[in-house]
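Asks: Have a look at this one.
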Number of protein chains: 4
Amino acid sequence: MKAVVYRGERSVAVEEVPDARVESPLDAVVRITTTNICGSDLHMYEGRTSVELGKVLGHENMGVVEAVGDGVSRVKVGDRVSVPFNVACGSCRNCNGGWTSFCLRTNPTDGVDGAAYGYASMGPYDGGQAELLRVPYADFNLLRLPQGTDFENDFTMLSDIFPTGFHGAVLGEVGVGDSVVVYGAGPVGLMAAHSAHLLGASRVFVVDKAPDRLKLAESIGATAIDFSQGDAVDQVLDATDGLGTDRGIECVGYQAHDPAGEEHPELVLDNLVKTVRAAGSIGVVGVYVPEDPGLDDPSSAGAIGWDYGTFFSKGQRMGTGQCPTKRYNRQLRDMIITGRATPSFIVSHELPLASAPEGYQRFDDREDGWTKVLLKP
Amino acid sequence: MKAVVYRGERSVAVEEVPDARVESPLDAVVRITTTNICGSDLHMYEGRTSVELGKVLGHENMGVVEAVGDGVSRVKVGDRVSVPFNVACGSCRNCNGGWTSFCLRTNPTDGVDGAAYGYASMGPYDGGQAELLRVPYADFNLLRLPQGTDFENDFTMLSDIFPTGFHGAVLGEVGVGDSVVVYGAGPVGLMAAHSAHLLGASRVFVVDKAPDRLKLAESIGATAIDFSQGDAVDQVLDATDGLGTDRGIECVGYQAHDPAGEEHPELVLDNLVKTVRAAGSIGVVGVYVPEDPGLDDPSSAGAIGWDYGTFFSKGQRMGTGQCPTKRYNRQLRDMIITGRATPSFIVSHELPLASAPEGYQRFDDREDGWTKVLLKP
Amino acid sequence: MKAVVYRGERSVAVEEVPDARVESPLDAVVRITTTNICGSDLHMYEGRTSVELGKVLGHENMGVVEAVGDGVSRVKVGDRVSVPFNVACGSCRNCNGGWTSFCLRTNPTDGVDGAAYGYASMGPYDGGQAELLRVPYADFNLLRLPQGTDFENDFTMLSDIFPTGFHGAVLGEVGVGDSVVVYGAGPVGLMAAHSAHLLGASRVFVVDKAPDRLKLAESIGATAIDFSQGDAVDQVLDATDGLGTDRGIECVGYQAHDPAGEEHPELVLDNLVKTVRAAGSIGVVGVYVPEDPGLDDPSSAGAIGWDYGTFFSKGQRMGTGQCPTKRYNRQLRDMIITGRATPSFIVSHELPLASAPEGYQRFDDREDGWTKVLLKP
Amino acid sequence: MKAVVYRGERSVAVEEVPDARVESPLDAVVRITTTNICGSDLHMYEGRTSVELGKVLGHENMGVVEAVGDGVSRVKVGDRVSVPFNVACGSCRNCNGGWTSFCLRTNPTDGVDGAAYGYASMGPYDGGQAELLRVPYADFNLLRLPQGTDFENDFTMLSDIFPTGFHGAVLGEVGVGDSVVVYGAGPVGLMAAHSAHLLGASRVFVVDKAPDRLKLAESIGATAIDFSQGDAVDQVLDATDGLGTDRGIECVGYQAHDPAGEEHPELVLDNLVKTVRAAGSIGVVGVYVPEDPGLDDPSSAGAIGWDYGTFFSKGQRMGTGQCPTKRYNRQLRDMIITGRATPSFIVSHELPLASAPEGYQRFDDREDGWTKVLLKP
């Protein structure tokens with residue numbers, strides 16, 4: 001089959017690889033209909049992870065079940081399904097507790113809980129930027145979708161970024177009537193803003209400097225805050241009578257840039273502490289890492305000197321980490337079906353699998369208008 | 001009346017000051033029967049705050065109502081009461097939401113939400129290490145106790161450290177069956193360990209190096225971890241099959257010391273991240289500050305470079321800040337009355353008010369066995 | 001001042017009564033700008049309560065503060081305010097816990113917790129269908145609104161039915177993605193449906209037989225179920241692949257009628273049990289009573305023989321009772337201000353106070369189109 | 001193998017039946033070491049269910065894994081395990097949400113969600129009062145225990161009644177400081193009382209009339225209320241200053257008897273409504289049924305005329321139904337291991353499998369001291 005393969009820093013190729021197949025009684029194989037390039041794929045693309053050469057990439061996958069193992073009884077061949085990016089066993093303690101993002105059994109990597117398709121340090125699973133994908137523990141992991149092709153570009157957001165944005169809003173404890181600030185108007189930030197509205201936010205601010213992304217934020221009823229036009233914190237405080245927002249969501253990560261383009265990993269955390277009210281809460285789904293092979297001293301990446309003293313003095317709470325997709329994807333699917341959520345509003349490009357290298361490069365260049373790229377194998 | 005007055009770094013005096021009196025229709029005056037010296041009083045005593053000279057100290061107060069204003073109808077003269085350390089208005093948005101520790105109306109200090117008796121930056125309220133105490137918004141703030149003198153040394157913990165330790169356990173999301181690590185076996189740490197048991201913890205580890213305090217931890221069924229005898233993280237991991245605990249509670253604060261006695265504000269946070277499992281949660285009630293007048297660069301105190309990358313990778317959650325005492329004190333009072341909680345186990349000394357200067361000095365010196373000092377005016 | 005006074009079964013009159021005034025240091029007097037007739041006022045109007053002759057009616061009140069007592073410091077003369085229908089003290093155990101609907105101090109009636117303005121058995125408080133209203137514990141009870149006259153017909157829903165409908169949805173545990181059935185498309189049912197959407201429901205069914213009310217339900221995106229056209233349960237099951245809904249909300253009460261117009265107090269409860277899925281939840285804000293003076297045996301009203309065996313077998317949960325308005329009204333106010341909620345969509349009539357008797361009569365007759373009547377003193 | 005087989009009203013026999021064996025890739029076979037007779041087995045024994053003749057009974061099972069299917073990878077042959085009484089698939093919507101007691105896939109019975117071993121209407125699964133038991137979806141369902149034989153009589157409570165009692169306390173929303181009333185001092189009631197303490201109750205009342213059971217309640221620190229000595233409601237109100245308790249737990253079911261021995265299905269519900277405070281909550285794990293073959297009109301069983309009017313007026317909440325064992329059994333296992341829970345205190349008899357008929361008969365006769373019978377195959 002054809003698949004997108006990692007070939008080193010800023011290099012991916014579409015190559016012929018062995019077909020994905022059923023390897024255990026609980027496996028399914030899914031024929032991919034849509035698979036997206038994720039912002040976190042760029043961490044690998046830019047050489048800032050330890051991903052091995054030859055890895056098939058892609059963790060935002062959906063398609064149609066092509067084959068199942070003997071122990072698969074819920075999902076049937078022919079079912080249209082969304083594949084959560086987490087590979088989860090369904091029977092360990094963390095899976096039992098709803099934390100499929102920290103499955104204790106699927107990732108043999110030392111010291112890491114939780115696995116994913118096609119991703120550095122997340123276990124031996126190939127990705128779905130390919131024609132076929134092997135899905136372990138298929139009955140547990142796969143989410144069934146209505147048959148046919150309706151809502152394809154909405155449903156494709158269910159594998160990762162829609163639940164991830166929603167998780168940010170849940171970790172940030174967003175509830176009815178709350179004011180919310182979202183830092184970052186990339187795909188995840190826009191999903192977080194959309195999710196904050198679903199959870200009942202009265203007002204959502206989205207902070208970024210890219211005009212096309214801020215425009216998308218405004219298209220769903222959020223208030224755009226352009227940090228190239230003035231301090232983000234000041235702008236939000238001005239808009240809230242100096243009080244700040246009830247909740248904050250971090251959708252930028254450690255590669256945060258100041259207006260001059262310099263990386264400052266503490267930047268967004270410091271801004272959140274200042275923007276959010278005392279006793280408020282913050283959800284963090286932008287990625288922070290313990291080690292960064294892109295730095296001279298890789299292990300220096302984890303220790304971020306942010307304004308913890310003020311965080312404590314304001315009695316704030318913070319939740320972090322990768323999204324347990326299964327906790328939210330069925331509910332969000334139903335919001336799409338009834339028309340109350342439309343995450344496809346962020347889709348900018350649909351490319352054939354063969355154009356994946358171009359898609360990676362232009363998305364990585366943050367070319368104007370390249371918000372979200374879907375691949376259609 | 002007699003009162004304990006701040007007289008500069010490492011100096012307090014018992015002096016004659018004007019009697020506390022009803023100043024507004026919602027005030028009560030309480031004749032103090034027991035008032036404690038708190039670990040956080042030592043921050044002022046050591047000159048690491050901006051507290052003004054002449055301030056009457058003391059925020060852990062209980063006694064008998066001596067007088068009430070015209071608008072006080074629930075509390076009566078003669079009622080025995082516990083006074084939460086937070087001065088709260090009862091009608092602002094944060095009080096409505098149960099966050100009396102961040103009352104929006106009682107503290108005129110710029111940029112600070114929440115007030116307290118006898119404390120730096122927490123508003124103009126005198127403390128209760130005195131014969132009498134003025135209590136604003138008395139109907140809202142005062143907790144009634146059974147008449148008489150029973151449980152006096154248990155009830156005196158209700159004004160601050162028992163609820164504060166409990167708040168740490170609640171912020172750390174402790175539930176039935178959880179394993180919990182508490183860093184710090186000072187009074188708050190011991191209350192946190194006691195509270196973790198009340199919330200159903202199956203196992204509680206308490207980390208410290210003072211033998212008398214570790215002994216107290218063991219006396220309530222916790223497992224003592226002596227960090228002078230080996231790395232605390234290693235010891236807890238060893239005791240949990242390498243998995244770590246479900247929950248963690250920080251009861252040390254920014255003045256954390258390594259075994260060699262050097263201050264390392266990031267030390268306990270880093271240890272918590274390592275000790276607690278992926279998807280686990282951490283409550284922080286040890287004090288961290290945005291500024292520290294005890295440092296050459298006071299504003300450098302807030303930015304603490306701790307291992308945030310691992311915190312995110314493990315998907316942990318963290319709640320922080322001063323305790324909203326009223327949220328817990330009635331329930332904990334009832335646990336004392338029915339004998340299911342006995343926070344007095346930490347009391348080491350009962351002194352007359354006149355001995356307060358000695359009490360401060362010996363408690364500050366961390367003299368062996370000086371765990372918790374009560375003053376009896 | 002002029003006020004609407006109860007004069008016996010199906011009789012109210014607008015009469016001159018003594019002006020409301022400040023009677024205690026914590027009182028405020030509010031000049032009423034809008035006050036609504038509530039469906040529950042009709043219980044009194046129809047003579048099915050023990051309300052005394054001469055009572056000033058009206059518990060859905062808003063206006064401008066005219067005077068305040070010495071102990072009132074948060075609310076100022078001139079403030080525009082919404083008055084929650086619950087009269088709450090702000091300092092008892094239930095108020096502390098957020099249950100202002102069950103205040104332990106404001107209602108001297110034996111065996112009843114909770115008080116309200118102008119209502120049978122809910123304490124000695126006159127209502128606000130009048131020019132002026134006395135509000136006890138004003139700092140605690142009053143919700144401030146933006147000055148001016150904007151959103152008047154939306155804000156007037158904040159005193160009772162918008163929070164009450166929202167409470168039904170909260171008791172029914174409505175969350176993002178849920179399907180919900182609401183029984184009753186009266187004002188509270190329509191507010192419950194609106195609230196279910198704010199809480200993230202993917203699909204809301206509203207059951208009634210009045211075409212004008214079902215049309216209003218459809219105007220906010222709900223699916224109308226006309227029970228005069230076929231069994232309500234069958235219709236909802238058909239629309240949900242036979243599975244039923246995740247959640248249910250009861251907004252009818254003990255005076256439920258079958259299609260033939262006969263009263264069956266168990267009718268809606270039985271239908272809810274059948275319509276809602278196993279492990280689902282039900283919120284009940286339609287009124288049920290322990291005694292009904294309208295029956296030959298008043299005390300027979302409470303014992304309702306509904307299908308409890310199936311309720312248990314399906315493992316359902318049920319929450320009931322009067323709404324603690326303060327828990328929600330600030331948040332819902334902010335939803336109105338930002339345009340995300342528009343509860344005024346139910347308003348059918350605005351009358352001067354003098355027309356109250358006509359308003360009561362035609363609303364009680366369920367005249368077509370008389371959904372919600374506002375009085376403008 | 002030997003097994004306890006249902007032979008008609010008040011008749012069970014130990015017979016030779018075919019060995020349980022692995023039938024699907026996800027099955028395990030467990031060699032039973034302990035299996036208990038449950039109070040709900042008596043519903044079948046007394047002929048008040050539709051259970052078929054020849055059914056192997058027993059849903060409270062533990063033992064050692066004897067064999068596993070190809071798709072079982074977490075559980076190993078030789079593992080000591082507790083078998084939750086619910087047979088759950090682990091991948092349906094209800095299992096995903098933690099409601100294994102309402103699994104949508106394991107029970108083919110029309111209109112019933114949720115399956116169990118050896119029980120009427122709960123699917124085709126044979127029970128574990130036998131030498132061997134087939135366990136479907138073994139990786140999902142089985143809870144691993146420490147190897148060996150320690151805590152055998154505590155661990156055997158993990159399959160049903162300890163989690164069931166705990167579920168009652170959770171549905172009743174028991175938290176730290178609460179006062180709680182438990183109706184029924186049978187095995188489940190005693191487990192509910194034990195659980196209420198684990199959840200932090202300050203005071204627990206247990207209502208029954210059997211002296212041996214009330215004594216057991218007192219042995220764990222509860223207050224015994226003997227309803228043969230006076231009205232239970234009056235006794236609890238007297239002990240709580242007339243206020244009633246915060247929470248209530250129903251552990252009796254529809255076969256409730258008055259002091260004269262007559263069945264009154266509404267009795268305990270009515271008492272709970274009176275005993276619990278306004279805004280309080282009630283958990284119901286005593287069994288209520290939609291139909292009762294023991295009555296002349298079986299379908300009359302479901303409609304119970306209890307005091308719903310007061311329930312609503314007091315704004316109470318109620319949760320019901322069978323326990324999703326997996327939600328609690330790991331945590332409760334850890335409480336046993338650390339000595340904080342000791343559910344074996346209720347064990348009165350340990351019999352060989354061959355004595356099962358005698359055990360059933362004497363337990364059904366409620367012979368004095370026959371609280372809980374364990375079978376040891």
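Identifiers for the structure tokens are assigned positionally: chains receive A, B, ... in sequence, residues are indexed from 1 per chain, and ligands are indexed from 1 in the order shown.
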Please return, as a ChimeraX atom specification, all residues of segment 52-272 of chain D that DSSP assigns to helix (DSSP H, G or I) on the basis of the backbone.

Replies: /D:93-96,100-102,138-141,152-159,161-171,187-198,211-219,227-229,232-239,267-272

Asks: Env of Gly127 of chain D: 6 Å cut, atoms = only C-alpha atoms, seq-sep filter 4 positions within chain, self excluded. Answer as number ranges by chain.

Replies: D: 56-59, 117-118

Asks: Select from chain D every residue with an atom at most 9 Å from any atom of chain C, then for each give the shortest pair of atoms and their distance in Å to one decimal, using only C-alpha atoms, rows by chain and rising number, as JSON lines.

Replies:
```
{"residue": "D:Asn94", "atom": "CA", "partner": "C:Ala279", "partner_atom": "CA", "distance": 8.1}
{"residue": "D:Trp99", "atom": "CA", "partner": "C:Ala279", "partner_atom": "CA", "distance": 7.1}
{"residue": "D:Ser101", "atom": "CA", "partner": "C:Gly315", "partner_atom": "CA", "distance": 8.7}
{"residue": "D:Phe102", "atom": "CA", "partner": "C:Ala278", "partner_atom": "CA", "distance": 6.7}
{"residue": "D:Val112", "atom": "CA", "partner": "C:Lys314", "partner_atom": "CA", "distance": 8.0}
{"residue": "D:Asp113", "atom": "CA", "partner": "C:Ala278", "partner_atom": "CA", "distance": 7.0}
{"residue": "D:Leu171", "atom": "CA", "partner": "C:Arg317", "partner_atom": "CA", "distance": 8.4}
{"residue": "D:Tyr254", "atom": "CA", "partner": "C:Gly309", "partner_atom": "CA", "distance": 8.6}
{"residue": "D:Ala278", "atom": "CA", "partner": "C:Phe102", "partner_atom": "CA", "distance": 6.7}
{"residue": "D:Ala279", "atom": "CA", "partner": "C:Phe102", "partner_atom": "CA", "distance": 7.0}
{"residue": "D:Ser281", "atom": "CA", "partner": "C:Gly319", "partner_atom": "CA", "distance": 8.6}
{"residue": "D:Val284", "atom": "CA", "partner": "C:Phe312", "partner_atom": "CA", "distance": 8.0}
{"residue": "D:Val285", "atom": "CA", "partner": "C:Phe312", "partner_atom": "CA", "distance": 8.5}
{"residue": "D:Val287", "atom": "CA", "partner": "C:Phe312", "partner_atom": "CA", "distance": 7.4}
{"residue": "D:Tyr288", "atom": "CA", "partner": "C:Gly309", "partner_atom": "CA", "distance": 4.9}
{"residue": "D:Val289", "atom": "CA", "partner": "C:Gly309", "partner_atom": "CA", "distance": 4.3}
{"residue": "D:Pro290", "atom": "CA", "partner": "C:Gly309", "partner_atom": "CA", "distance": 4.1}
{"residue": "D:Glu291", "atom": "CA", "partner": "C:Gly309", "partner_atom": "CA", "distance": 7.5}
{"residue": "D:Ala301", "atom": "CA", "partner": "C:Gly309", "partner_atom": "CA", "distance": 7.0}
{"residue": "D:Gly302", "atom": "CA", "partner": "C:Gly309", "partner_atom": "CA", "distance": 4.0}
{"residue": "D:Ala303", "atom": "CA", "partner": "C:Asp307", "partner_atom": "CA", "distance": 4.3}
{"residue": "D:Ile304", "atom": "CA", "partner": "C:Gly305", "partner_atom": "CA", "distance": 4.9}
{"residue": "D:Gly305", "atom": "CA", "partner": "C:Gly305", "partner_atom": "CA", "distance": 3.6}
{"residue": "D:Trp306", "atom": "CA", "partner": "C:Ala303", "partner_atom": "CA", "distance": 4.8}
{"residue": "D:Asp307", "atom": "CA", "partner": "C:Ala303", "partner_atom": "CA", "distance": 4.3}
{"residue": "D:Tyr308", "atom": "CA", "partner": "C:Gly302", "partner_atom": "CA", "distance": 5.5}
{"residue": "D:Gly309", "atom": "CA", "partner": "C:Gly302", "partner_atom": "CA", "distance": 4.0}
{"residue": "D:Thr310", "atom": "CA", "partner": "C:Pro290", "partner_atom": "CA", "distance": 4.9}
{"residue": "D:Phe311", "atom": "CA", "partner": "C:Thr320", "partner_atom": "CA", "distance": 7.7}
{"residue": "D:Phe312", "atom": "CA", "partner": "C:Gly321", "partner_atom": "CA", "distance": 5.0}
{"residue": "D:Ser313", "atom": "CA", "partner": "C:Gly321", "partner_atom": "CA", "distance": 6.0}
{"residue": "D:Lys314", "atom": "CA", "partner": "C:Gly321", "partner_atom": "CA", "distance": 6.6}
{"residue": "D:Gly315", "atom": "CA", "partner": "C:Gly321", "partner_atom": "CA", "distance": 3.8}
{"residue": "D:Gln316", "atom": "CA", "partner": "C:Thr320", "partner_atom": "CA", "distance": 5.8}
{"residue": "D:Arg317", "atom": "CA", "partner": "C:Gly319", "partner_atom": "CA", "distance": 4.2}
{"residue": "D:Met318", "atom": "CA", "partner": "C:Met318", "partner_atom": "CA", "distance": 5.3}
{"residue": "D:Gly319", "atom": "CA", "partner": "C:Arg317", "partner_atom": "CA", "distance": 4.2}
{"residue": "D:Thr320", "atom": "CA", "partner": "C:Gly315", "partner_atom": "CA", "distance": 4.9}
{"residue": "D:Gly321", "atom": "CA", "partner": "C:Gly315", "partner_atom": "CA", "distance": 3.8}
{"residue": "D:Gln322", "atom": "CA", "partner": "C:Gly315", "partner_atom": "CA", "distance": 6.4}
{"residue": "D:Cys323", "atom": "CA", "partner": "C:Gly315", "partner_atom": "CA", "distance": 8.8}
```

Asks: Measuring between only C-alpha atoms, which one of D:Gly63, D:Glu262, D:Val236, D:Thr325 shows the shortest distance to Phe85 of chain D?

Replies: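 Once distances to Phe85 of chain D are computed over only C-alpha atoms, the minimum belongs to D:Thr325.
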
Asks: Taking only C-alpha atoms into account, name the residue in B:Asp234, B:Thr223, B:Asp246, B:Arg93 that is nearest to Arg144 of chain C.

Replies: B:Arg93

Asks: Report the residues of segment 18-209 of chain A whose backbone DSSP state falls under strand (DSSP E or B), written as a PyMOL selection string.

Replies: chain A and resi 28-37+56+60-68+80-83+86-87+115-116+130+132-135+143-144+179-183+203-208

Asks: Excluding Arg105 of chain C and its own-chain neighbours fewer than 4 positions away, which residues fall within 9 Å of it when counting only C-alpha atoms? Please give them as a list of chain:residue names.

Replies: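 Surrounding residues, per the criterion: B:Arg74, C:Ala88, C:Cys89, C:Ser91, C:Cys92, C:Asp113, C:Gly114, C:Ala115.
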
Asks: Write the residues you've just listed into a file as a compact mmCIF listing (two decimals), in the first residue's frame, and include all heavy atoms for each of them.

Replies:
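Once written, out-v6.txt looks like this:
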```txt
# COMPACT_ATOMS: atom_id res chain seq x y z
N ARG B 74 -28.07 35.90 63.30
CA ARG B 74 -27.90 34.46 63.44
C ARG B 74 -27.04 34.14 64.66
O ARG B 74 -27.39 33.28 65.48
CB ARG B 74 -27.26 33.87 62.18
CG ARG B 74 -27.22 32.34 62.14
CD ARG B 74 -26.61 31.81 60.86
NE ARG B 74 -25.21 32.17 60.75
CZ ARG B 74 -24.18 31.44 61.22
NH1 ARG B 74 -24.40 30.29 61.82
NH2 ARG B 74 -22.93 31.85 61.08
N ALA C 88 -33.70 34.42 50.95
CA ALA C 88 -32.66 33.60 51.58
C ALA C 88 -31.81 34.45 52.51
O ALA C 88 -31.59 35.64 52.25
CB ALA C 88 -31.80 32.96 50.51
N CYS C 89 -31.33 33.84 53.60
CA CYS C 89 -30.61 34.61 54.62
C CYS C 89 -29.14 34.78 54.31
O CYS C 89 -28.49 35.69 54.81
CB CYS C 89 -30.77 33.94 55.98
SG CYS C 89 -29.69 32.51 56.23
N SER C 91 -26.66 32.99 55.33
CA SER C 91 -25.69 32.54 56.33
C SER C 91 -26.04 31.20 56.98
O SER C 91 -25.26 30.69 57.77
CB SER C 91 -25.52 33.61 57.41
OG SER C 91 -26.74 33.81 58.08
N CYS C 92 -27.19 30.63 56.65
CA CYS C 92 -27.51 29.31 57.23
C CYS C 92 -26.77 28.23 56.46
O CYS C 92 -26.16 28.46 55.42
CB CYS C 92 -29.01 29.05 57.22
SG CYS C 92 -29.67 28.67 55.58
N ASP C 113 -38.72 24.39 54.69
CA ASP C 113 -37.48 25.13 54.51
C ASP C 113 -37.58 25.90 53.20
O ASP C 113 -37.96 25.34 52.17
CB ASP C 113 -36.28 24.18 54.45
CG ASP C 113 -36.11 23.40 55.75
OD1 ASP C 113 -36.47 23.93 56.82
OD2 ASP C 113 -35.62 22.26 55.69
N GLY C 114 -37.19 27.16 53.24
CA GLY C 114 -37.24 27.97 52.02
C GLY C 114 -38.39 28.93 52.03
O GLY C 114 -39.49 28.58 52.46
N ALA C 115 -38.15 30.15 51.54
CA ALA C 115 -39.18 31.18 51.52
C ALA C 115 -39.23 31.83 50.14
O ALA C 115 -38.31 31.69 49.34
CB ALA C 115 -38.88 32.24 52.58
```

Asks: For segment 353-367 of chain D, list every protein, DNA or RNA residue within 7 Å, evaluated using only C-alpha atoms, and leave out those in the same chain fewer than 6 positions away; present the list as a compact mmCIF listing (two decimals) with N, CA and C atoms, in the first residue's frame.

Replies:
```txt
# COMPACT_ATOMS: atom_id res chain seq x y z
N VAL D 12 -33.10 -26.04 45.78
CA VAL D 12 -31.86 -26.06 45.00
C VAL D 12 -31.16 -27.38 45.27
N ALA D 13 -30.36 -27.83 44.30
CA ALA D 13 -29.66 -29.10 44.47
C ALA D 13 -28.23 -28.97 43.96
N VAL D 14 -27.32 -29.73 44.57
CA VAL D 14 -25.95 -29.77 44.05
C VAL D 14 -25.86 -30.94 43.09
N LEU D 42 -32.30 -15.16 46.99
CA LEU D 42 -33.52 -15.60 47.66
C LEU D 42 -34.77 -15.19 46.90
N VAL D 373 -23.55 -16.20 54.12
CA VAL D 373 -23.09 -17.58 53.93
C VAL D 373 -22.13 -17.65 52.73
N LEU D 375 -19.79 -20.18 50.31
CA LEU D 375 -19.59 -21.57 49.88
C LEU D 375 -18.16 -21.73 49.40
N LYS D 376 -17.55 -22.83 49.78
CA LYS D 376 -16.15 -23.08 49.42
C LYS D 376 -16.06 -24.35 48.59
N PRO D 377 -16.15 -24.25 47.27
CA PRO D 377 -16.17 -25.44 46.39
C PRO D 377 -14.85 -26.22 46.47
```

Asks: Find the residues around segment 329-343 of chain C up to 10 Å (only C-alpha atoms counted), leave out those fewer than 2 positions away in its own chain, and share them as a VMD selection string.

Replies: (chain A and resid 175 to 179 197 200 to 203 221) or (chain B and resid 93) or (chain C and resid 82 to 84 143 to 146 150 to 151 153 to 164 166 187 190 to 191 194 to 195 197 to 198 220 324 to 327 345 to 347)

Asks: Please list as a PyMOL selection string every residue within 8 Å of segment 257-259 of chain B, counting only C-alpha atoms and excluding residues in the same chain fewer than 6 positions away.

Replies: chain B and resi 227-228+265+267

Asks: Glu52 of chain B: which residues within 12 Å, counting only C-alpha atoms, same-chain residues fewer than 2 positions away excluded, as a VMD selection string?

Replies: chain B and resid 5 to 9 44 to 45 47 to 50 54 to 57 118 to 126
